[in-house]
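Text of data_15.csv, listed as CSV, C-alpha atoms (C1' of nucleotides):
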```
chain,number,residue,atom,x,y,z
A,1283,MET,CA,-8.8,-24.2,-54.6
A,1284,ARG,CA,-6.1,-22.3,-52.9
A,1285,LEU,CA,-7.3,-19.4,-50.7
A,1286,ASP,CA,-6.0,-16.0,-51.8
A,1287,GLU,CA,-5.6,-12.6,-50.3
A,1288,SER,CA,-9.2,-11.7,-50.5
A,1289,PHE,CA,-10.0,-14.4,-47.9
A,1290,TYR,CA,-7.5,-13.1,-45.4
A,1291,LEU,CA,-7.8,-9.4,-45.9
A,1292,ARG,CA,-11.4,-9.3,-44.5
A,1293,GLY,CA,-11.9,-7.5,-41.2
A,1294,ASP,CA,-13.7,-10.1,-39.1
A,1295,VAL,CA,-11.0,-12.3,-37.6
A,1296,VAL,CA,-13.5,-14.3,-35.6
A,1297,LYS,CA,-15.5,-15.2,-38.8
A,1298,ILE,CA,-12.2,-16.1,-40.6
A,1299,ALA,CA,-11.2,-18.4,-37.7
A,1300,ARG,CA,-14.5,-20.2,-38.0
A,1301,GLU,CA,-14.3,-20.4,-41.8
A,1302,LEU,CA,-10.8,-21.9,-41.7
A,1303,LEU,CA,-12.2,-25.1,-40.1
A,1304,GLY,CA,-12.4,-27.8,-42.7
A,1305,LYS,CA,-9.8,-26.1,-44.9
A,1306,ILE,CA,-6.5,-27.8,-45.6
A,1307,LEU,CA,-3.1,-26.5,-44.6
A,1308,PHE,CA,-0.2,-27.6,-46.8
A,1309,THR,CA,3.6,-27.2,-46.4
A,1310,ASN,CA,6.3,-28.2,-48.9
A,1311,ILE,CA,9.6,-28.6,-47.2
A,1312,ARG,CA,12.3,-29.2,-49.8
A,1313,GLY,CA,9.8,-31.2,-51.9
A,1314,GLN,CA,8.2,-33.1,-49.0
A,1315,VAL,CA,4.6,-32.2,-49.1
A,1316,THR,CA,2.4,-32.6,-46.0
A,1317,SER,CA,-1.1,-31.5,-45.4
A,1318,GLY,CA,-3.9,-31.7,-42.8
A,1319,ILE,CA,-7.5,-30.6,-42.3
A,1320,ILE,CA,-7.7,-27.6,-39.9
A,1321,VAL,CA,-9.9,-28.8,-37.0
A,1322,GLU,CA,-9.1,-26.2,-34.3
A,1323,THR,CA,-8.4,-22.5,-34.5
A,1324,GLU,CA,-8.3,-19.4,-32.2
A,1325,ALA,CA,-9.0,-15.8,-33.2
A,1326,TYR,CA,-6.8,-13.0,-31.9
A,1327,SER,CA,-7.8,-9.4,-32.3
A,1328,GLN,CA,-5.4,-6.4,-31.8
A,1329,THR,CA,-8.1,-4.9,-29.6
A,1330,GLU,CA,-8.0,-7.4,-26.8
A,1331,ARG,CA,-5.5,-8.4,-24.2
A,1332,GLY,CA,-5.0,-11.9,-25.5
A,1333,SER,CA,-3.2,-10.7,-28.6
A,1334,HIS,CA,0.5,-10.2,-28.8
A,1335,ALA,CA,-0.3,-7.0,-30.7
A,1336,PHE,CA,-2.5,-5.4,-28.0
A,1337,LYS,CA,0.2,-3.1,-26.7
A,1338,GLY,CA,1.4,-2.1,-30.1
A,1339,MET,CA,4.1,-3.1,-32.5
A,1340,THR,CA,7.3,-4.9,-31.3
A,1341,ALA,CA,10.2,-6.6,-33.0
A,1342,ARG,CA,8.4,-9.9,-32.5
A,1343,ASN,CA,4.9,-9.1,-33.7
A,1344,LYS,CA,5.6,-6.7,-36.5
A,1345,VAL,CA,4.6,-9.1,-39.2
A,1346,MET,CA,1.1,-9.1,-37.7
A,1347,PHE,CA,0.7,-5.5,-38.8
A,1348,ASN,CA,1.0,-6.4,-42.5
A,1349,GLY,CA,-2.0,-7.1,-44.6
A,1350,GLY,CA,-3.6,-10.5,-44.2
A,1351,GLY,CA,-2.4,-13.7,-45.9
A,1352,ILE,CA,1.0,-14.2,-44.4
A,1353,ALA,CA,2.3,-16.4,-41.6
A,1354,TYR,CA,3.2,-15.2,-38.1
A,1355,VAL,CA,5.4,-17.8,-36.4
A,1356,TYR,CA,7.1,-17.4,-33.0
A,1357,LEU,CA,8.8,-19.5,-30.4
A,1358,CYS,CA,6.8,-20.3,-27.2
A,1359,TYR,CA,8.3,-21.5,-23.9
A,1360,GLY,CA,11.6,-21.8,-25.6
A,1361,ILE,CA,10.6,-25.0,-27.4
A,1362,HIS,CA,7.5,-24.8,-29.5
A,1363,HIS,CA,6.9,-22.9,-32.8
A,1364,LEU,CA,3.3,-21.6,-33.0
A,1365,PHE,CA,1.8,-21.0,-36.4
A,1366,ASN,CA,-0.7,-18.2,-37.0
A,1367,ILE,CA,-2.3,-16.7,-40.1
A,1368,VAL,CA,-2.3,-12.9,-40.2
A,1369,THR,CA,-5.7,-11.4,-41.3
A,1370,ASN,CA,-7.2,-8.0,-41.8
A,1371,VAL,CA,-5.9,-5.1,-43.8
A,1372,ASP,CA,-2.4,-3.5,-43.6
A,1373,GLY,CA,-2.0,-1.7,-40.3
A,1374,VAL,CA,-4.4,-3.9,-38.3
A,1375,ALA,CA,-2.8,-6.8,-36.5
A,1376,ASP,CA,-5.3,-9.6,-36.3
A,1377,ALA,CA,-4.4,-13.3,-36.6
A,1378,VAL,CA,-5.7,-16.8,-36.3
A,1379,LEU,CA,-3.7,-19.5,-34.4
A,1380,ILE,CA,-3.9,-22.9,-36.0
A,1381,ARG,CA,-4.2,-25.3,-33.0
A,1382,ALA,CA,-4.8,-28.8,-34.5
A,1383,LEU,CA,-4.8,-30.7,-37.8
A,1384,GLU,CA,-6.1,-34.0,-39.0
A,1385,PRO,CA,-3.3,-35.4,-41.1
A,1386,VAL,CA,-4.1,-36.0,-44.8
A,1387,LYS,CA,-0.9,-36.2,-46.8
A,1388,GLY,CA,2.7,-37.0,-46.1
A,1389,GLU,CA,2.1,-38.6,-42.7
A,1390,GLU,CA,5.4,-40.5,-43.1
A,1391,HIS,CA,7.2,-37.1,-43.1
A,1392,MET,CA,5.3,-36.0,-40.0
A,1393,LEU,CA,6.1,-39.2,-38.1
A,1394,ARG,CA,9.8,-38.8,-38.9
A,1395,ARG,CA,9.8,-35.1,-37.8
A,1396,MET,CA,8.0,-36.1,-34.5
A,1397,LYS,CA,10.5,-39.0,-34.1
A,1398,VAL,CA,7.8,-41.6,-33.7
A,1399,LYS,CA,7.2,-44.8,-35.7
A,1400,SER,CA,3.5,-45.4,-35.6
A,1401,PRO,CA,0.5,-43.2,-36.2
A,1402,ARG,CA,-0.4,-41.1,-33.2
A,1403,ARG,CA,-1.9,-37.8,-32.3
A,1404,ILE,CA,1.0,-36.0,-34.0
A,1405,SER,CA,-0.7,-32.8,-34.9
A,1406,SER,CA,-3.2,-32.3,-32.0
A,1407,GLY,CA,-1.9,-29.1,-30.5
A,1408,PRO,CA,-0.2,-25.9,-31.9
A,1409,GLY,CA,3.4,-26.8,-31.0
A,1410,LYS,CA,3.0,-30.4,-32.3
A,1411,LEU,CA,1.4,-29.5,-35.6
A,1412,ALA,CA,4.1,-26.9,-36.4
A,1413,LYS,CA,6.8,-29.5,-35.8
A,1414,ALA,CA,5.0,-32.2,-37.7
A,1415,MET,CA,4.5,-29.8,-40.7
A,1416,GLY,CA,8.1,-28.6,-40.6
A,1417,ILE,CA,7.2,-25.1,-39.7
A,1418,ASP,CA,9.7,-23.0,-37.9
A,1419,ARG,CA,10.6,-19.3,-37.6
A,1420,SER,CA,11.9,-19.2,-41.1
A,1421,PHE,CA,8.2,-19.1,-42.0
A,1422,ASN,CA,7.6,-15.9,-40.1
A,1423,GLY,CA,6.2,-13.3,-42.6
A,1424,LYS,CA,6.0,-15.8,-45.4
A,1425,TYR,CA,3.2,-15.3,-47.9
A,1426,LEU,CA,0.6,-18.0,-47.8
A,1427,GLY,CA,0.4,-18.1,-51.6
A,1428,SER,CA,4.1,-19.2,-51.6
A,1429,ASP,CA,5.1,-22.7,-52.6
A,1430,ASP,CA,6.2,-23.5,-49.1
A,1431,VAL,CA,2.9,-23.0,-47.2
A,1432,TRP,CA,-0.7,-22.5,-48.3
A,1433,VAL,CA,-4.3,-23.3,-47.5
A,1434,GLU,CA,-6.8,-24.9,-49.8
A,1435,ASP,CA,-10.6,-25.0,-49.8
A,1436,VAL,CA,-11.7,-28.4,-51.0
A,1437,GLY,CA,-15.4,-27.6,-50.5
A,1438,THR,CA,-15.7,-29.4,-47.1
A,1439,VAL,CA,-18.9,-28.4,-45.3
A,1440,VAL,CA,-18.4,-28.2,-41.5
A,1441,ASN,CA,-21.6,-29.0,-39.8
A,1442,LYS,CA,-21.0,-28.5,-36.1
A,1443,ILE,CA,-18.6,-25.8,-34.9
A,1444,LYS,CA,-18.0,-25.5,-31.1
A,1445,ALA,CA,-16.9,-22.3,-29.6
A,1446,ASN,CA,-15.0,-22.2,-26.3
A,1447,LYS,CA,-12.7,-19.9,-24.4
A,1448,ARG,CA,-9.1,-19.8,-25.7
A,1449,ILE,CA,-6.3,-21.9,-24.1
A,1450,GLY,CA,-3.5,-20.5,-21.9
A,1451,LEU,CA,-4.5,-16.9,-21.6
A,1452,ASP,CA,-4.9,-16.5,-17.8
A,1453,TYR,CA,-3.0,-13.2,-18.0
A,1454,ALA,CA,-5.6,-11.7,-20.3
A,1455,GLY,CA,-8.1,-10.9,-17.6
A,1456,ARG,CA,-11.7,-10.7,-18.9
A,1457,ASP,CA,-10.6,-11.2,-22.5
A,1458,ALA,CA,-9.5,-14.7,-21.6
A,1459,LEU,CA,-13.2,-15.6,-21.5
A,1460,LEU,CA,-14.0,-14.6,-25.1
A,1461,PRO,CA,-15.4,-17.7,-26.9
A,1462,TRP,CA,-12.9,-17.5,-29.7
A,1463,ARG,CA,-11.6,-21.0,-29.8
A,1464,PHE,CA,-13.3,-23.0,-32.5
A,1465,THR,CA,-13.3,-26.7,-33.0
A,1466,ILE,CA,-15.0,-29.2,-35.3
A,1467,GLN,CA,-17.2,-30.9,-32.8
A,1468,GLY,CA,-16.4,-34.5,-32.3
A,1469,ASN,CA,-13.3,-34.5,-34.4
A,1470,PRO,CA,-10.8,-36.8,-32.7
A,1471,TRP,CA,-7.8,-34.7,-33.8
A,1472,VAL,CA,-8.9,-31.7,-31.7
A,1473,SER,CA,-6.3,-31.0,-28.9
A,1474,LYS,CA,-7.1,-32.4,-25.5
A,1475,PRO,CA,-8.7,-29.6,-23.3
B,1047,DT,C1',1.1,-31.3,-11.1
B,1048,DA,C1',5.8,-29.9,-12.3
B,1049,DC,C1',9.1,-28.1,-15.2
B,1050,DG,C1',12.2,-27.7,-19.4
B,1051,DT,C1',13.7,-24.0,-22.5
B,1052,DG,C1',15.1,-19.6,-24.8
B,1053,DA,C1',13.3,-15.5,-27.1
B,1054,DT,C1',11.1,-11.4,-25.8
B,1055,DC,C1',10.0,-7.2,-23.5
B,1056,DA,C1',9.7,-3.8,-19.9
B,1057,DC,C1',12.7,-2.2,-16.8
B,1058,DG,C1',16.7,0.9,-15.9
C,464,DG,C1',22.3,-5.6,-19.1
C,465,DT,C1',18.7,-8.4,-16.3
C,466,DG,C1',14.7,-10.9,-14.7
C,467,DA,C1',10.0,-12.3,-15.2
C,468,DT,C1',7.1,-14.2,-18.4
C,469,DC,C1',5.2,-17.2,-21.9
C,470,DA,C1',-1.1,-18.5,-27.3
C,471,DC,C1',3.0,-25.9,-24.9
C,472,DG,C1',4.0,-30.8,-24.3
C,473,DT,C1',5.4,-34.6,-21.7
C,474,DA,C1',6.2,-37.3,-18.0
C,475,DA,C1',4.4,-38.8,-13.5
```
Target encoding structure tokens, full file:
Amino acid sequence: MRLDESFYLRGDVVKIARELLGKILFTNIRGQVTSGIIVETEAYSQTERGSHAFKGMTARNKVMFNGGGIAYVYLCYGIHHLFNIVTNVDGVADAVLIRALEPVKGEEHMLRRMKVKSPRRISSGPGKLAKAMGIDRSFNGKYLGSDDVWVEDVGTVVNKIKANKRIGLDYAGRDALLPWRFTIQGNPWVSKP
DNA sequence: TACGTGATCACG
DNA sequence: GTGATCACGTAA
């Protein structure tokens, strides 16, 4: 069943980040459908220094201030597109970064986009999964109920969730230590660190 | 461990 | 305008 607004509009972004584990992210790029199990997420709250929205609205982060259930996609290090799901109500800029997927459907499309021939860890990391799924900045602000990108709950029960500090936030001071990175423990598709 | 790569943002 | 910075990935 496709997740709808009521899932994303809730106020607890940390809870939503945990609950997204085991759900399935789909994209449909000109008829090419790919999907993967979400195995790694990070929560970002407007109230802490790790968030792009901490200092308020800018041209880049403005879609985060919309109500939950849309994508926030931006370019990182000039190379990588990072895919986030906006949560919380209109006016509050919370989001969940999707950091790794276990491929389910359309792996041949992912391999082609990654320019590799044989199965590999093509979606273990936020930049890689966006590329593998065909996500770029044209997805920024896109509604997750659209026919291009959506998330489904297939009833998977995730037994062991591990919480760690988030990756790559050395600039965020004390907030870098928040245990807001969630992984499915033992899943081989979780990104390296 | 080093660095490519380009949008973004805080300066003025 | 300009310059430092960056929620990464790969090669070495």
query = Contacts of DC469 (chain C) at 10 Å or less, counting all atoms listed in the file, minus same-chain residues fewer than 5 places along, as number ranges by chain?
reply = A: 1357-1360, 1450-1451, 1453; B: 1053-1054
task = Identify every residue of chain A that has at least one atom within 9 Å of any atom of chain C, counting only C-alpha atoms (C1' of nucleotides), and report the result as a VMD selection string.
result = chain A and resid 1324 1332 to 1334 1358 to 1362 1364 1379 1407 to 1410 1448 to 1451
C-alpha atoms of the current selection, written as an mmCIF file, keeping the file's coordinate frame:
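Just written: result07.cif:
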```
data_model
loop_
_atom_site.group_PDB
_atom_site.id
_atom_site.type_symbol
_atom_site.label_atom_id
_atom_site.label_comp_id
_atom_site.auth_asym_id
_atom_site.auth_seq_id
_atom_site.Cartn_x
_atom_site.Cartn_y
_atom_site.Cartn_z
ATOM 1 C CA GLU A 1324 -8.300 -19.400 -32.200
ATOM 2 C CA GLY A 1332 -5.000 -11.900 -25.500
ATOM 3 C CA SER A 1333 -3.200 -10.700 -28.600
ATOM 4 C CA HIS A 1334 0.500 -10.200 -28.800
ATOM 5 C CA CYS A 1358 6.800 -20.300 -27.200
ATOM 6 C CA TYR A 1359 8.300 -21.500 -23.900
ATOM 7 C CA GLY A 1360 11.600 -21.800 -25.600
ATOM 8 C CA ILE A 1361 10.600 -25.000 -27.400
ATOM 9 C CA HIS A 1362 7.500 -24.800 -29.500
ATOM 10 C CA LEU A 1364 3.300 -21.600 -33.000
ATOM 11 C CA LEU A 1379 -3.700 -19.500 -34.400
ATOM 12 C CA GLY A 1407 -1.900 -29.100 -30.500
ATOM 13 C CA PRO A 1408 -0.200 -25.900 -31.900
ATOM 14 C CA GLY A 1409 3.400 -26.800 -31.000
ATOM 15 C CA LYS A 1410 3.000 -30.400 -32.300
ATOM 16 C CA ARG A 1448 -9.100 -19.800 -25.700
ATOM 17 C CA ILE A 1449 -6.300 -21.900 -24.100
ATOM 18 C CA GLY A 1450 -3.500 -20.500 -21.900
ATOM 19 C CA LEU A 1451 -4.500 -16.900 -21.600
#
```
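Take the candidates A:Trp1471, A:Phe1347, A:Tyr1290, A:Tyr1356 and check each one against chain B using all atoms listed in the file; the shortest distance goes to A:Tyr1356.
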ask   = Any idea what the distance is between CA of Ala1445 (chain A) and CA of Arg1463 (chain A)?
value = 5.5 Å
task = Using all atoms listed in the file, pick whichever of A:Asn1310, A:Asn1422, A:Ser1288, A:Thr1465 has the shortest atom-to-atom distance to Asn1370 (chain A).
result =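 The answer is A:Ser1288, which sits nearest to Asn1370 (chain A).
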inquiry  = If we count all atoms listed in the file and set the cut-off at 12 Å, which residues sit around Thr1329 (chain A), ignoring sequence neighbours fewer than 3 positions away in its own chain? Please answer as number ranges by chain.
reply    = A: 1295, 1325-1326, 1332-1338, 1374-1377, 1454, 1457
Contact set, chain B to chain A: 12 Å, all atoms listed in the file, as a PyMOL selection string = chain B and resi 1049-1056
key: Counting all atoms listed in the file, the option among A:Val1315, A:Asn1343, A:Gly1468, A:Thr1438 closest to Leu1302 (chain A)   =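 Ranking A:Val1315, A:Asn1343, A:Gly1468, A:Thr1438 by distance to Leu1302 (chain A), first place goes to A:Thr1438.
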request  = Would you mind reading off the distance between CA of Val1436 (chain A) and CA of Ser1317 (chain A), one decimal, in Å?
outcome  = 12.4 Å
request  = Rank A:Pro1385, A:Pro1461, A:Gly1293, A:Gly1349 by their smallest atom-to-atom distance to Gly1318 (chain A), using only C-alpha atoms, and report the top residue only.
outcome  =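 Residue with the minimum atom-to-atom distance to Gly1318 (chain A): A:Pro1385.
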ask   = If you measure from CA of Leu1291 (chain A) to CA of Thr1369 (chain A), what distance in Å do you get, rounded to one decimal?
value =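 Computed distance, CA of Leu1291 (chain A) to CA of Thr1369 (chain A), equals 5.4 Å.
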